[in-house]
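> mmCIF, C-alpha atoms, saved as my_file32.cif, coming up:
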data_data
loop_
_atom_site.label_atom_id
_atom_site.label_comp_id
_atom_site.auth_asym_id
_atom_site.auth_seq_id
_atom_site.Cartn_x
_atom_site.Cartn_y
_atom_site.Cartn_z
CA MET A 17 -19.02 35.23 -19.71
CA LYS A 18 -20.32 36.62 -23.00
CA TYR A 19 -16.98 35.85 -24.66
CA ALA A 20 -16.81 32.29 -23.34
CA LEU A 21 -17.66 30.82 -26.76
CA LEU A 22 -14.87 32.84 -28.36
CA VAL A 23 -12.34 31.65 -25.77
CA TRP A 24 -13.45 28.04 -26.17
CA SER A 25 -13.29 28.25 -29.97
CA ASN A 26 -9.72 29.51 -29.79
CA LEU A 27 -8.70 26.60 -27.55
CA LYS A 28 -10.29 24.11 -29.99
CA ARG A 29 -8.39 25.55 -32.93
CA LYS A 30 -5.41 23.25 -32.33
CA LYS A 31 -7.03 20.33 -30.60
CA THR A 32 -3.96 18.11 -30.37
CA ARG A 33 -1.81 20.84 -28.86
CA THR A 34 -4.52 21.82 -26.39
CA VAL A 35 -5.12 18.22 -25.30
CA LEU A 36 -1.40 17.53 -24.82
CA THR A 37 -0.96 20.73 -22.81
CA VAL A 38 -3.95 19.88 -20.61
CA LEU A 39 -2.58 16.37 -20.05
CA SER A 40 0.83 17.77 -19.10
CA ILE A 41 -0.77 20.06 -16.55
CA LEU A 42 -2.94 17.20 -15.29
CA VAL A 43 0.12 15.01 -14.70
CA ALA A 44 1.87 17.82 -12.81
CA PHE A 45 -1.03 18.31 -10.40
CA LEU A 46 -1.62 14.56 -10.10
CA LEU A 47 2.01 14.20 -9.03
CA PHE A 48 1.60 17.12 -6.63
CA GLY A 49 -1.34 15.43 -4.90
CA LEU A 50 0.25 11.97 -4.70
CA LEU A 51 3.56 13.31 -3.37
CA GLY A 52 1.61 15.35 -0.83
CA ALA A 53 0.02 12.15 0.49
CA ILE A 54 3.38 10.37 0.63
CA ARG A 55 5.03 13.30 2.40
CA GLN A 56 2.18 13.32 4.91
CA SER A 57 2.72 9.63 5.54
CA PHE A 58 6.45 9.98 6.16
CA SER A 59 5.85 12.85 8.57
CA GLN A 60 2.86 11.10 10.17
CA GLY A 61 2.33 11.86 13.81
CA VAL A 62 4.02 15.26 13.63
CA ASP A 63 0.79 17.11 12.88
CA VAL A 64 -1.21 15.20 15.48
CA ALA A 65 1.53 15.01 18.11
CA GLY A 66 0.40 16.16 21.52
CA VAL A 67 1.72 19.62 22.36
CA ASP A 68 1.65 18.58 26.01
CA ARG A 69 3.76 15.45 25.49
CA LEU A 70 7.53 15.04 25.72
CA ILE A 71 9.75 12.15 24.70
CA VAL A 72 12.50 11.18 27.14
CA ARG A 73 15.14 8.86 25.69
CA HIS A 74 18.77 7.89 26.23
CA LYS A 75 21.08 10.84 25.63
CA VAL A 76 23.32 8.95 23.21
CA THR A 77 20.88 7.04 21.03
CA LEU A 78 17.37 5.64 20.97
CA ALA A 79 18.89 2.16 20.78
CA GLN A 80 20.20 2.48 24.34
CA LEU A 81 17.71 1.55 27.05
CA LEU A 82 16.60 3.36 30.19
CA PRO A 83 15.78 1.86 33.61
CA SER A 84 12.07 1.38 34.30
CA ALA A 85 12.74 2.94 37.73
CA TYR A 86 13.08 6.34 36.01
CA GLU A 87 9.30 6.52 35.58
CA ALA A 88 8.59 7.27 39.25
CA ARG A 89 11.38 9.86 39.41
CA ILE A 90 10.12 11.62 36.28
CA GLU A 91 6.57 11.81 37.65
CA GLN A 92 7.89 13.58 40.78
CA ILE A 93 9.30 16.49 38.75
CA THR A 94 7.33 19.71 38.94
CA GLY A 95 5.16 20.19 35.85
CA VAL A 96 4.97 16.49 34.97
CA GLU A 97 1.56 14.84 35.13
CA GLU A 98 2.31 11.33 33.93
CA ALA A 99 5.02 9.21 32.32
CA VAL A 100 4.46 6.09 30.21
CA ALA A 101 7.17 3.69 29.09
CA GLN A 102 7.47 2.29 25.57
CA THR A 103 9.97 -0.08 23.95
CA TRP A 104 10.68 -1.00 20.35
CA PHE A 105 10.02 -4.73 19.86
CA GLY A 106 11.16 -5.04 16.24
CA GLY A 107 9.52 -8.33 15.30
CA ILE A 108 8.17 -9.57 11.98
CA TYR A 109 4.95 -11.32 11.05
CA GLN A 110 5.24 -14.45 8.84
CA LYS A 111 7.97 -13.02 6.59
CA PRO A 112 10.61 -10.24 6.75
CA SER A 113 8.63 -7.87 4.52
CA ASN A 114 5.77 -7.85 7.06
CA PHE A 115 7.44 -5.27 9.28
CA PHE A 116 5.50 -2.80 11.40
CA ALA A 117 5.68 -1.10 14.79
CA GLN A 118 5.18 -3.36 17.80
CA LEU A 119 5.37 -1.82 21.27
CA PRO A 120 5.06 -3.35 24.75
CA VAL A 121 3.22 -0.84 26.96
CA GLU A 122 1.22 -0.53 30.16
CA PRO A 123 -2.30 -0.66 28.62
CA ALA A 124 -4.22 1.59 31.03
CA GLU A 125 -1.50 4.24 31.18
CA PHE A 126 -0.99 4.13 27.43
CA LEU A 127 -4.66 4.66 26.60
CA ASP A 128 -4.83 7.51 29.08
CA MET A 129 -1.78 9.13 27.49
CA TYR A 130 -3.15 8.78 23.95
CA PRO A 131 -6.86 9.72 23.92
CA GLU A 132 -6.72 9.81 20.11
CA ILE A 133 -6.57 5.98 20.14
CA LEU A 134 -10.17 4.79 20.22
CA LEU A 135 -11.22 1.41 21.58
CA SER A 136 -14.64 0.23 22.60
CA ASP A 137 -15.18 -0.23 26.35
CA GLU A 138 -15.41 -3.98 25.86
CA GLU A 139 -12.15 -4.16 23.94
CA ARG A 140 -10.43 -1.95 26.50
CA ASP A 141 -11.56 -4.12 29.42
CA THR A 142 -10.56 -7.31 27.61
CA TRP A 143 -7.10 -5.95 26.85
CA LEU A 144 -6.54 -4.87 30.46
CA ARG A 145 -7.29 -8.34 31.83
CA THR A 146 -5.76 -10.50 29.07
CA ARG A 147 -2.07 -11.04 29.76
CA THR A 148 -1.19 -12.12 26.22
CA GLY A 149 -3.72 -9.75 24.68
CA ALA A 150 -2.79 -7.21 22.04
CA ILE A 151 -4.53 -4.48 20.09
CA ALA A 152 -3.78 -3.39 16.52
CA GLY A 153 -4.56 -0.33 14.45
CA ARG A 154 -7.32 -0.54 11.86
CA SER A 155 -4.87 -0.12 8.98
CA ILE A 156 -2.55 -2.95 9.97
CA ALA A 157 -5.48 -5.23 10.84
CA GLU A 158 -6.99 -4.72 7.40
CA ARG A 159 -3.60 -5.24 5.78
CA PHE A 160 -3.28 -8.76 7.20
CA GLY A 161 -6.97 -9.58 7.45
CA TRP A 162 -6.92 -9.87 11.22
CA SER A 163 -10.08 -10.02 13.30
CA ILE A 164 -10.67 -10.00 17.04
CA GLY A 165 -9.89 -13.38 18.57
CA ASP A 166 -7.09 -14.28 16.13
CA ARG A 167 -3.87 -15.78 17.47
CA ILE A 168 -0.97 -13.78 16.07
CA PRO A 169 2.62 -15.07 16.24
CA ILE A 170 5.37 -12.44 16.03
CA ASN A 171 8.92 -13.56 15.36
CA ALA A 172 11.42 -11.54 17.37
CA THR A 173 14.52 -10.09 15.75
CA ILE A 174 15.83 -8.59 19.01
CA TRP A 175 13.95 -9.88 22.03
CA THR A 176 14.22 -13.67 22.13
CA ARG A 177 12.33 -15.57 24.83
CA LYS A 178 13.90 -17.14 27.93
CA ASP A 179 13.51 -20.61 26.44
CA GLY A 180 15.50 -19.51 23.39
CA SER A 181 12.55 -19.38 20.99
CA GLN A 182 11.89 -16.33 18.85
CA THR A 183 8.13 -16.64 18.53
CA TRP A 184 5.82 -14.63 20.76
CA ASP A 185 2.13 -15.52 20.63
CA PHE A 186 -0.56 -12.89 21.12
CA GLU A 187 -4.34 -12.86 21.11
CA LEU A 188 -5.87 -9.94 19.23
CA VAL A 189 -8.47 -8.50 21.61
CA GLY A 190 -9.07 -5.11 20.03
CA ILE A 191 -8.75 -3.04 16.86
CA TYR A 192 -8.37 0.66 17.42
CA ASP A 193 -9.24 3.65 15.24
CA GLY A 194 -7.74 7.12 15.28
CA ALA A 195 -9.76 10.04 16.60
CA LYS A 196 -7.76 12.36 14.36
CA LYS A 197 -6.92 12.03 10.70
CA GLY A 198 -3.25 11.14 10.59
CA THR A 199 -3.22 9.03 13.77
CA ASP A 200 -0.93 6.05 13.28
CA GLU A 201 -3.14 3.00 12.77
CA THR A 202 -0.29 0.60 11.97
CA GLN A 203 0.84 -0.14 15.54
CA PHE A 204 0.64 -3.44 17.39
CA LEU A 205 0.47 -2.95 21.17
CA PHE A 206 0.76 -5.54 23.94
CA HIS A 207 1.44 -5.88 27.69
CA TYR A 208 4.84 -4.78 28.99
CA ASP A 209 4.63 -7.25 31.92
CA TYR A 210 4.22 -10.19 29.55
CA PHE A 211 7.15 -8.96 27.49
CA ASP A 212 9.45 -8.16 30.44
CA GLU A 213 8.99 -11.49 32.17
CA GLY A 214 9.33 -13.49 28.98
CA ARG A 215 12.39 -11.88 27.39
CA ARG A 216 15.81 -13.44 27.70
CA PHE A 217 17.66 -10.27 28.66
CA GLY A 218 17.09 -6.61 29.54
CA GLN A 219 14.60 -7.10 32.36
CA GLY A 220 13.66 -3.81 34.00
CA MET A 221 14.75 -1.72 31.02
CA ILE A 222 12.60 0.24 28.57
CA GLY A 223 13.14 2.14 25.32
CA TRP A 224 11.83 5.63 26.11
CA TYR A 225 9.23 7.53 28.11
CA VAL A 226 6.29 9.58 26.88
CA VAL A 227 5.71 12.34 29.40
CA ARG A 228 2.61 14.51 29.69
CA ILE A 229 3.19 17.98 31.13
CA ALA A 230 0.72 20.37 32.70
CA ASP A 231 1.73 23.46 30.71
CA PRO A 232 2.95 23.11 27.08
CA GLU A 233 4.44 26.61 27.34
CA ARG A 234 6.94 25.22 29.86
CA ALA A 235 8.04 22.30 27.66
CA ALA A 236 11.65 23.50 27.38
CA GLU A 237 11.87 24.17 31.10
CA VAL A 238 10.45 20.78 32.09
CA SER A 239 12.69 19.02 29.56
CA ALA A 240 15.74 20.65 31.14
CA MET A 241 14.58 19.64 34.63
CA ILE A 242 14.14 16.01 33.56
CA ASP A 243 17.58 15.85 31.95
CA SER A 244 19.10 17.54 35.01
CA GLU A 245 17.56 14.87 37.24
CA PHE A 246 19.59 12.16 35.49
CA ALA A 247 22.72 14.17 34.68
CA ASN A 248 26.03 12.41 35.43
CA SER A 249 24.22 9.08 35.87
CA PRO A 250 25.16 5.93 33.90
CA THR A 251 22.09 6.51 31.72
CA GLU A 252 21.63 10.23 31.02
CA THR A 253 18.54 11.38 29.15
CA LYS A 254 17.54 13.70 26.35
CA SER A 255 14.04 15.20 26.48
CA GLU A 256 12.22 16.94 23.65
CA PRO A 257 8.67 17.67 22.45
CA GLU A 258 6.92 14.73 20.82
CA GLY A 259 6.55 16.56 17.50
CA ALA A 260 10.27 17.31 17.32
CA PHE A 261 11.10 13.70 18.17
CA LEU A 262 8.83 12.33 15.45
CA GLN A 263 10.17 14.78 12.89
CA ALA A 264 13.76 13.83 13.70
CA PHE A 265 12.79 10.15 13.44
CA ALA A 266 11.29 10.73 9.98
CA ASN A 267 14.36 12.72 8.89
CA GLN A 268 16.61 9.72 9.51
CA ILE A 269 15.81 8.61 5.97
CA GLY A 270 16.33 12.15 4.66
CA ASP A 271 14.46 15.41 4.58
CA VAL A 272 11.40 13.99 2.86
CA GLY A 273 9.66 17.34 2.72
CA PHE A 274 12.57 18.97 0.91
CA ILE A 275 12.92 16.06 -1.52
CA MET A 276 9.22 16.11 -2.40
CA THR A 277 9.17 19.90 -2.73
CA SER A 278 12.20 19.80 -5.04
CA ILE A 279 10.58 17.22 -7.30
CA VAL A 280 7.30 19.12 -7.50
CA ALA A 281 9.09 22.43 -8.12
CA ALA A 282 11.07 20.95 -11.03
CA VAL A 283 7.92 19.45 -12.56
CA PHE A 284 5.91 22.66 -12.18
CA PHE A 285 8.66 24.79 -13.67
CA THR A 286 8.78 22.50 -16.72
CA ILE A 287 4.99 22.50 -17.12
CA LEU A 288 4.93 26.28 -16.69
CA LEU A 289 7.26 26.60 -19.66
CA VAL A 290 5.05 24.23 -21.67
CA ALA A 291 1.88 26.19 -20.86
CA GLY A 292 3.57 29.52 -21.53
CA ASN A 293 4.90 28.28 -24.85
CA THR A 294 1.42 27.05 -25.83
CA MET A 295 -0.09 30.46 -25.14
CA ALA A 296 2.70 32.26 -26.98
CA TYR A 297 2.16 30.13 -30.08
CA ALA A 298 -1.60 30.63 -29.87
CA VAL A 299 -1.19 34.41 -29.84
CA ARG A 300 1.40 34.40 -32.64
CA GLU A 301 -0.86 32.31 -34.87
CA ARG A 302 -3.79 34.69 -34.38
CA THR A 303 -2.00 38.00 -34.77
CA ASN A 304 -4.18 39.08 -37.69
CA GLU A 305 -7.37 38.01 -35.95
CA LEU A 306 -6.45 39.93 -32.82
CA ALA A 307 -5.83 42.99 -34.97
CA VAL A 308 -9.28 42.61 -36.50
CA LEU A 309 -10.82 42.40 -33.02
CA LYS A 310 -9.14 45.67 -32.15
CA ALA A 311 -10.26 47.21 -35.42
CA ILE A 312 -13.90 46.44 -34.67
CA GLY A 313 -13.78 47.96 -31.22
CA PHE A 314 -12.02 45.64 -28.75
CA THR A 315 -9.82 47.58 -26.33
CA ASP A 316 -6.26 46.65 -25.39
CA ARG A 317 -7.57 45.51 -22.03
CA GLY A 318 -10.30 43.43 -23.70
CA VAL A 319 -7.80 41.57 -25.89
CA LEU A 320 -5.51 41.05 -22.90
CA GLY A 321 -8.46 39.60 -20.98
CA LEU A 322 -9.37 37.19 -23.78
CA VAL A 323 -5.87 35.74 -24.00
CA LEU A 324 -5.52 35.53 -20.22
CA ALA A 325 -8.92 33.81 -20.04
CA GLU A 326 -7.66 31.13 -22.43
CA SER A 327 -4.72 30.50 -20.14
CA PHE A 328 -6.98 30.21 -17.10
CA VAL A 329 -9.39 27.81 -18.82
CA LEU A 330 -6.49 25.65 -20.01
CA VAL A 331 -4.81 25.39 -16.61
CA ILE A 332 -8.01 25.12 -14.58
CA ILE A 333 -9.18 22.15 -16.64
CA GLY A 334 -5.81 20.37 -16.43
CA GLY A 335 -5.00 21.30 -12.85
CA GLY A 336 -8.50 20.65 -11.53
CA ALA A 337 -8.62 17.25 -13.22
CA GLY A 338 -5.16 16.43 -11.83
CA LEU A 339 -6.10 17.29 -8.25
CA ALA A 340 -9.41 15.43 -8.56
CA LEU A 341 -7.69 12.33 -9.92
CA ALA A 342 -5.06 12.47 -7.16
CA TRP A 343 -7.80 12.71 -4.52
CA LEU A 344 -9.65 9.78 -6.10
CA LEU A 345 -6.57 7.56 -6.24
CA VAL A 346 -5.55 8.35 -2.68
CA SER A 347 -9.09 7.77 -1.41
CA LEU A 348 -8.95 4.25 -2.85
CA GLY A 349 -6.44 3.41 -0.12
CA ASP A 350 -2.79 2.85 0.61
CA PRO A 351 -1.08 1.33 -2.46
CA THR A 352 1.43 -0.40 -0.16
CA ASN A 353 -1.40 -2.35 1.49
CA GLY A 354 -1.10 -0.78 4.93
CA MET A 355 2.66 -0.20 5.18
CA LEU A 356 2.26 3.58 5.26
CA PRO A 357 1.17 4.84 8.70
CA SER A 358 -1.33 7.26 7.17
CA TYR A 359 -2.21 7.99 3.56
CA PHE A 360 -4.31 11.00 2.64
CA ILE A 361 -3.91 14.39 1.00
CA PRO A 362 -3.89 17.09 3.70
CA THR A 363 -6.45 19.85 3.27
CA ARG A 364 -3.69 22.45 3.21
CA ASP A 365 -2.10 20.70 0.20
CA MET A 366 -5.40 20.76 -1.68
CA VAL A 367 -5.72 24.48 -0.95
CA ILE A 368 -2.15 25.05 -2.08
CA GLY A 369 -2.91 23.09 -5.24
CA VAL A 370 -5.89 25.33 -6.05
CA VAL A 371 -3.76 28.43 -5.47
CA LEU A 372 -1.05 27.00 -7.74
CA ILE A 373 -3.60 26.51 -10.50
CA PHE A 374 -4.41 30.20 -10.56
CA VAL A 375 -0.77 31.24 -10.16
CA MET A 376 0.33 29.00 -13.03
CA ALA A 377 -2.54 30.22 -15.24
CA PHE A 378 -1.61 33.84 -14.61
CA VAL A 379 2.14 33.41 -15.05
CA ALA A 380 1.77 31.28 -18.20
CA GLY A 381 -0.65 33.69 -19.85
CA ILE A 382 0.32 37.17 -18.72
CA LEU A 383 3.25 37.77 -21.10
CA PRO A 384 1.44 36.60 -24.27
CA ALA A 385 -1.66 38.50 -23.09
CA VAL A 386 0.31 41.74 -22.60
CA GLN A 387 1.91 41.34 -26.02
CA ALA A 388 -1.52 40.80 -27.58
CA GLY A 389 -2.93 43.83 -25.80
CA ARG A 390 -0.14 46.04 -27.10
CA LEU A 391 -0.54 45.01 -30.75
CA ARG A 392 -0.91 47.93 -33.13
CA VAL A 393 -3.61 47.22 -35.69
CA ALA A 394 -1.70 48.42 -38.74
CA ASP A 395 1.49 46.54 -37.84
CA ALA A 396 -0.39 43.36 -37.00
CA LEU A 397 -2.35 43.32 -40.28
CA ARG A 398 0.87 43.61 -42.31
CA ARG A 399 2.26 40.39 -40.81
#
Could you spell out this file's structure in C-alpha cells?

Amino acid sequence: MKYALLVWSNLKRKKTRTVLTVLSILVAFLLFGLLGAIRQSFSQGVDVAGVDRLIVRHKVTLAQLLPSAYEARIEQITGVEEAVAQTWFGGIYQKPSNFFAQLPVEPAEFLDMYPEILLSDEERDTWLRTRTGAIAGRSIAERFGWSIGDRIPINATIWTRKDGSQTWDFELVGIYDGAKKGTDETQFLFHYDYFDEGRRFGQGMIGWYVVRIADPERAAEVSAMIDSEFANSPTETKSEPEGAFLQAFANQIGDVGFIMTSIVAAVFFTILLVAGNTMAYAVRERTNELAVLKAIGFTDRGVLGLVLAESFVLVIIGGGAGLALAWLLVSLGDPTNGMLPSYFIPTRDMVIGVVLIFVMAFVAGILPAVQAGRLRVADALRR
C-alpha cells in the first residue's frame, strides 16, 4: 500500500490512454454480464427444473398429441407418484407480437406438481372453482398491465372453438410469483376442461405429461418403463428428465450457451491484447525511470510488483465498473418488456466475472512486469 501513490501517478501519466483502456475493459465486462443474463433467460427452467420430474411426450415430435387416457396408466407404473397433462395452446393477445406460453392444465394437480409457483390461498380457491378462470405469471401480467378481475381474450392460432370463432375469453383470477429465481413467470394457465370441451377438434388428447417420480436416482429406469408401457402402440412415447427436455427445447434455436461463450471469448481476447499493449508501452516509456528505481534500492521483485500492480488497478477499475453497470442495467428489468422468461445475472456468472478480472490483470501485466524486473541498470540508462 505504501507505493499506491506511485502506481496511481504512473497510470495518470497518459490520461487519455488509461481512460480508453479502462473503457475498453468496462465494455468487455458489461457485455459479459448482459450476455450472461440473456443466456440465463434462454436456458430458463433448466436450473430450476425438478430433479424428480420427467417429461413424457410423443416419440416422434412434441407436435403430435397423446391420449389423455395415458395419465392413469402412467400413474400405475412403479416409481411414479403423479402425472399431470399439459398442452401447448399457441394463442396471441391483441396482436401477433404479443406471444407467450399459454397452457390448459388441471389446476389442482398442476399446483401440486409445481410447488415453486406461488399463489395466495384465495387466488388458488378462486381458480379451482372458476371454469373460465386463468392465472398469469407476475412478469407477463406486468408486461400487459393486467390485474385480477380483468377479462382477457386470447386469439387461437391452432385451437379454434366449436362455433368456428378463434377468440377464447378468460377471467384473470390470480397472479403467481416464483419461489425460486429463474422460475418462468411468463405463463398463462387455464382449465383443461374448459379448453377440451370448447375446442373444435382433438378432444381427449393432450400435448405431454409431467411425471413426478419417487426416486430421482431411478429416472432412467422409470423413463424406460413408461416408454415400454406404450411400445408398439399407435402413439409411442419418449420420456426424459425435465431439465434435459427444457435444454433440448432451448437448443432448437441453436446452442445459445456456445454462441454467447464464443462472443465473450472473442471480446475478451481482443481486450486482453489491448490491456497487454497498454502495459508494454507504459514500461517501455519508463525504462530510464525503472532503472533509477533499481539504482536507489528497488529489487527486481519490487519493480515487477509495481508494474503488475498497475495492471491490476487498471483492470479492476474497468472490470469492476463493467460488472457493476451490467448488474444495474439488468436490475432495471427486462428490456423486452416481459418477453424473456427470466432476466437476471446468475451468481455464478458474477463470480466468474470477478475471477476473470484477476486473470486478465495478471495475464496482461505479467510479461511487461517480468521484462521490467529483469532490466539491467546500466543498459536501461543508456537507452
> In Å, rounded to a single decimal, give me how far CA of Pro362 (chain A) is from CA of Ala53 (chain A).
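Taking CA of Ala53 (chain A) as the start and CA of Pro362 (chain A) as the end point, the length is 7.1 Å.
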> Residues of region 175-289 of chain A within 12 Å of region 368-376 of chain A: nearest atom pair and distance (Å, one decimal) for each, counting all atoms listed in the file, sorted by chain and number, as a tab-separated table?

residue	atom	partner	partner_atom	distance
A:Val280	CA	A:Gly369	CA	11.2
A:Ala281	CA	A:Leu372	CA	11.1
A:Phe284	CA	A:Met376	CA	8.5
A:Phe285	CA	A:Met376	CA	9.4
A:Thr286	CA	A:Met376	CA	11.3
A:Ile287	CA	A:Met376	CA	9.0
A:Leu288	CA	A:Met376	CA	6.5
A:Leu289	CA	A:Met376	CA	9.9
> Contacts of region 80-96 of chain A at 12 Å or less, counting all atoms listed in the file, minus same-chain residues fewer than 3 places along, as number ranges by chain?
A: 68-77, 99-104, 121-122, 125, 208-209, 212, 217-246, 249-255
> Check which residues satisfy the PyMOL selection byres ((chain A and resi 332-341) around 10) in the file shown, then give them as a ChimeraX atom specification.
/A:35-50,326-331,342-347,361,365-366,369-370,372-374,376-377
> Could you save those same residues with C-alpha atoms as a PDB file, in the frame of the given file?

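Listing of out-v1.pdb after writing:
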ATOM      1  CA  VAL A  35      -5.120  18.220 -25.300  1.00  0.00           C
ATOM      2  CA  LEU A  36      -1.400  17.530 -24.820  1.00  0.00           C
ATOM      3  CA  THR A  37      -0.960  20.730 -22.810  1.00  0.00           C
ATOM      4  CA  VAL A  38      -3.950  19.880 -20.610  1.00  0.00           C
ATOM      5  CA  LEU A  39      -2.580  16.370 -20.050  1.00  0.00           C
ATOM      6  CA  SER A  40       0.830  17.770 -19.100  1.00  0.00           C
ATOM      7  CA  ILE A  41      -0.770  20.060 -16.550  1.00  0.00           C
ATOM      8  CA  LEU A  42      -2.940  17.200 -15.290  1.00  0.00           C
ATOM      9  CA  VAL A  43       0.120  15.010 -14.700  1.00  0.00           C
ATOM     10  CA  ALA A  44       1.870  17.820 -12.810  1.00  0.00           C
ATOM     11  CA  PHE A  45      -1.030  18.310 -10.400  1.00  0.00           C
ATOM     12  CA  LEU A  46      -1.620  14.560 -10.100  1.00  0.00           C
ATOM     13  CA  LEU A  47       2.010  14.200  -9.030  1.00  0.00           C
ATOM     14  CA  PHE A  48       1.600  17.120  -6.630  1.00  0.00           C
ATOM     15  CA  GLY A  49      -1.340  15.430  -4.900  1.00  0.00           C
ATOM     16  CA  LEU A  50       0.250  11.970  -4.700  1.00  0.00           C
ATOM     17  CA  GLU A 326      -7.660  31.130 -22.430  1.00  0.00           C
ATOM     18  CA  SER A 327      -4.720  30.500 -20.140  1.00  0.00           C
ATOM     19  CA  PHE A 328      -6.980  30.210 -17.100  1.00  0.00           C
ATOM     20  CA  VAL A 329      -9.390  27.810 -18.820  1.00  0.00           C
ATOM     21  CA  LEU A 330      -6.490  25.650 -20.010  1.00  0.00           C
ATOM     22  CA  VAL A 331      -4.810  25.390 -16.610  1.00  0.00           C
ATOM     23  CA  ALA A 342      -5.060  12.470  -7.160  1.00  0.00           C
ATOM     24  CA  TRP A 343      -7.800  12.710  -4.520  1.00  0.00           C
ATOM     25  CA  LEU A 344      -9.650   9.780  -6.100  1.00  0.00           C
ATOM     26  CA  LEU A 345      -6.570   7.560  -6.240  1.00  0.00           C
ATOM     27  CA  VAL A 346      -5.550   8.350  -2.680  1.00  0.00           C
ATOM     28  CA  SER A 347      -9.090   7.770  -1.410  1.00  0.00           C
ATOM     29  CA  ILE A 361      -3.910  14.390   1.000  1.00  0.00           C
ATOM     30  CA  ASP A 365      -2.100  20.700   0.200  1.00  0.00           C
ATOM     31  CA  MET A 366      -5.400  20.760  -1.680  1.00  0.00           C
ATOM     32  CA  GLY A 369      -2.910  23.090  -5.240  1.00  0.00           C
ATOM     33  CA  VAL A 370      -5.890  25.330  -6.050  1.00  0.00           C
ATOM     34  CA  LEU A 372      -1.050  27.000  -7.740  1.00  0.00           C
ATOM     35  CA  ILE A 373      -3.600  26.510 -10.500  1.00  0.00           C
ATOM     36  CA  PHE A 374      -4.410  30.200 -10.560  1.00  0.00           C
ATOM     37  CA  MET A 376       0.330  29.000 -13.030  1.00  0.00           C
ATOM     38  CA  ALA A 377      -2.540  30.220 -15.240  1.00  0.00           C
TER      39      ALA A 377
END
> Using all atoms listed in the file, which protein or nucleic acid residues come within 8 Å of region 129-139 of chain A? Drop anything in the same chain fewer than 5 positions from it, and give the result as a VMD selection string.
chain A and resid 98 100 189 to 196 199 228
> Using only C-alpha atoms, find the one residue out of A:Phe360, A:Ile174, A:Leu320, A:Leu127 that sits nearest to Ala79 (chain A).
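The answer is A:Ile174, which sits nearest to Ala79 (chain A).
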> Determine the nearest neighbour of Asp166 (chain A) from the options A:Thr294, A:Asn114, A:Thr148, A:Asn248, counting all atoms listed in the file.
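Under the stated criterion, the closest residue is A:Thr148.
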> Restricting the calculation to all atoms listed in the file, which member of A:Gly161, A:Gly106, A:Gly292, A:Gly259 is positioned closest to Leu188 (chain A)?
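Going through A:Gly161, A:Gly106, A:Gly292, A:Gly259 one by one, the smallest distance to Leu188 (chain A) is for A:Gly161.
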> Using the chain letters and numbers from this file, what does the PyMOL selection byres ((chain A and resi 108) around 12) select? Give the answer as number ranges by chain.
A: 105-107, 109-118, 168-175, 182-184, 204
> What separation in Å, quoted to one decimal, exists between CA of Glu158 (chain A) and CA of Leu144 (chain A)?
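It comes out at 23.1 Å.
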> Which residues are close to Arg167 (chain A), i.e. within 9 Å by all atoms listed in the file, leaving aside same-chain residues fewer than 6 positions away? Reply as a PyMOL selection string.
chain A and resi 185-188
> In Å, how far is it from CA of Asp128 (chain A) to CA of Ile151 (chain A)?
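Between CA of Asp128 (chain A) and CA of Ile151 (chain A) the gap is 15.0 Å.
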> Can you translate the PyMOL selection byres ((chain A and resi 214) around 6) into the concrete residues it hits in this file, as a ChimeraX atom specification?
/A:177-178,211-213,215
> With a distance cut-off of 10 Å and all atoms listed in the file, select the neighbouring residues of Ile382 (chain A), excluding the residue or stretch itself and same-chain residues fewer than 3 positions from it, and output the selection as a list in words.
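Listing them by chain and then by number gives Gly292, Met295, Ala296, Leu320, Gly321, Val323, Leu324, Ala325, Ser327, Met376, Ala377, Phe378, Val379, Ala385, Val386, Gln387 and Ala388 of chain A.
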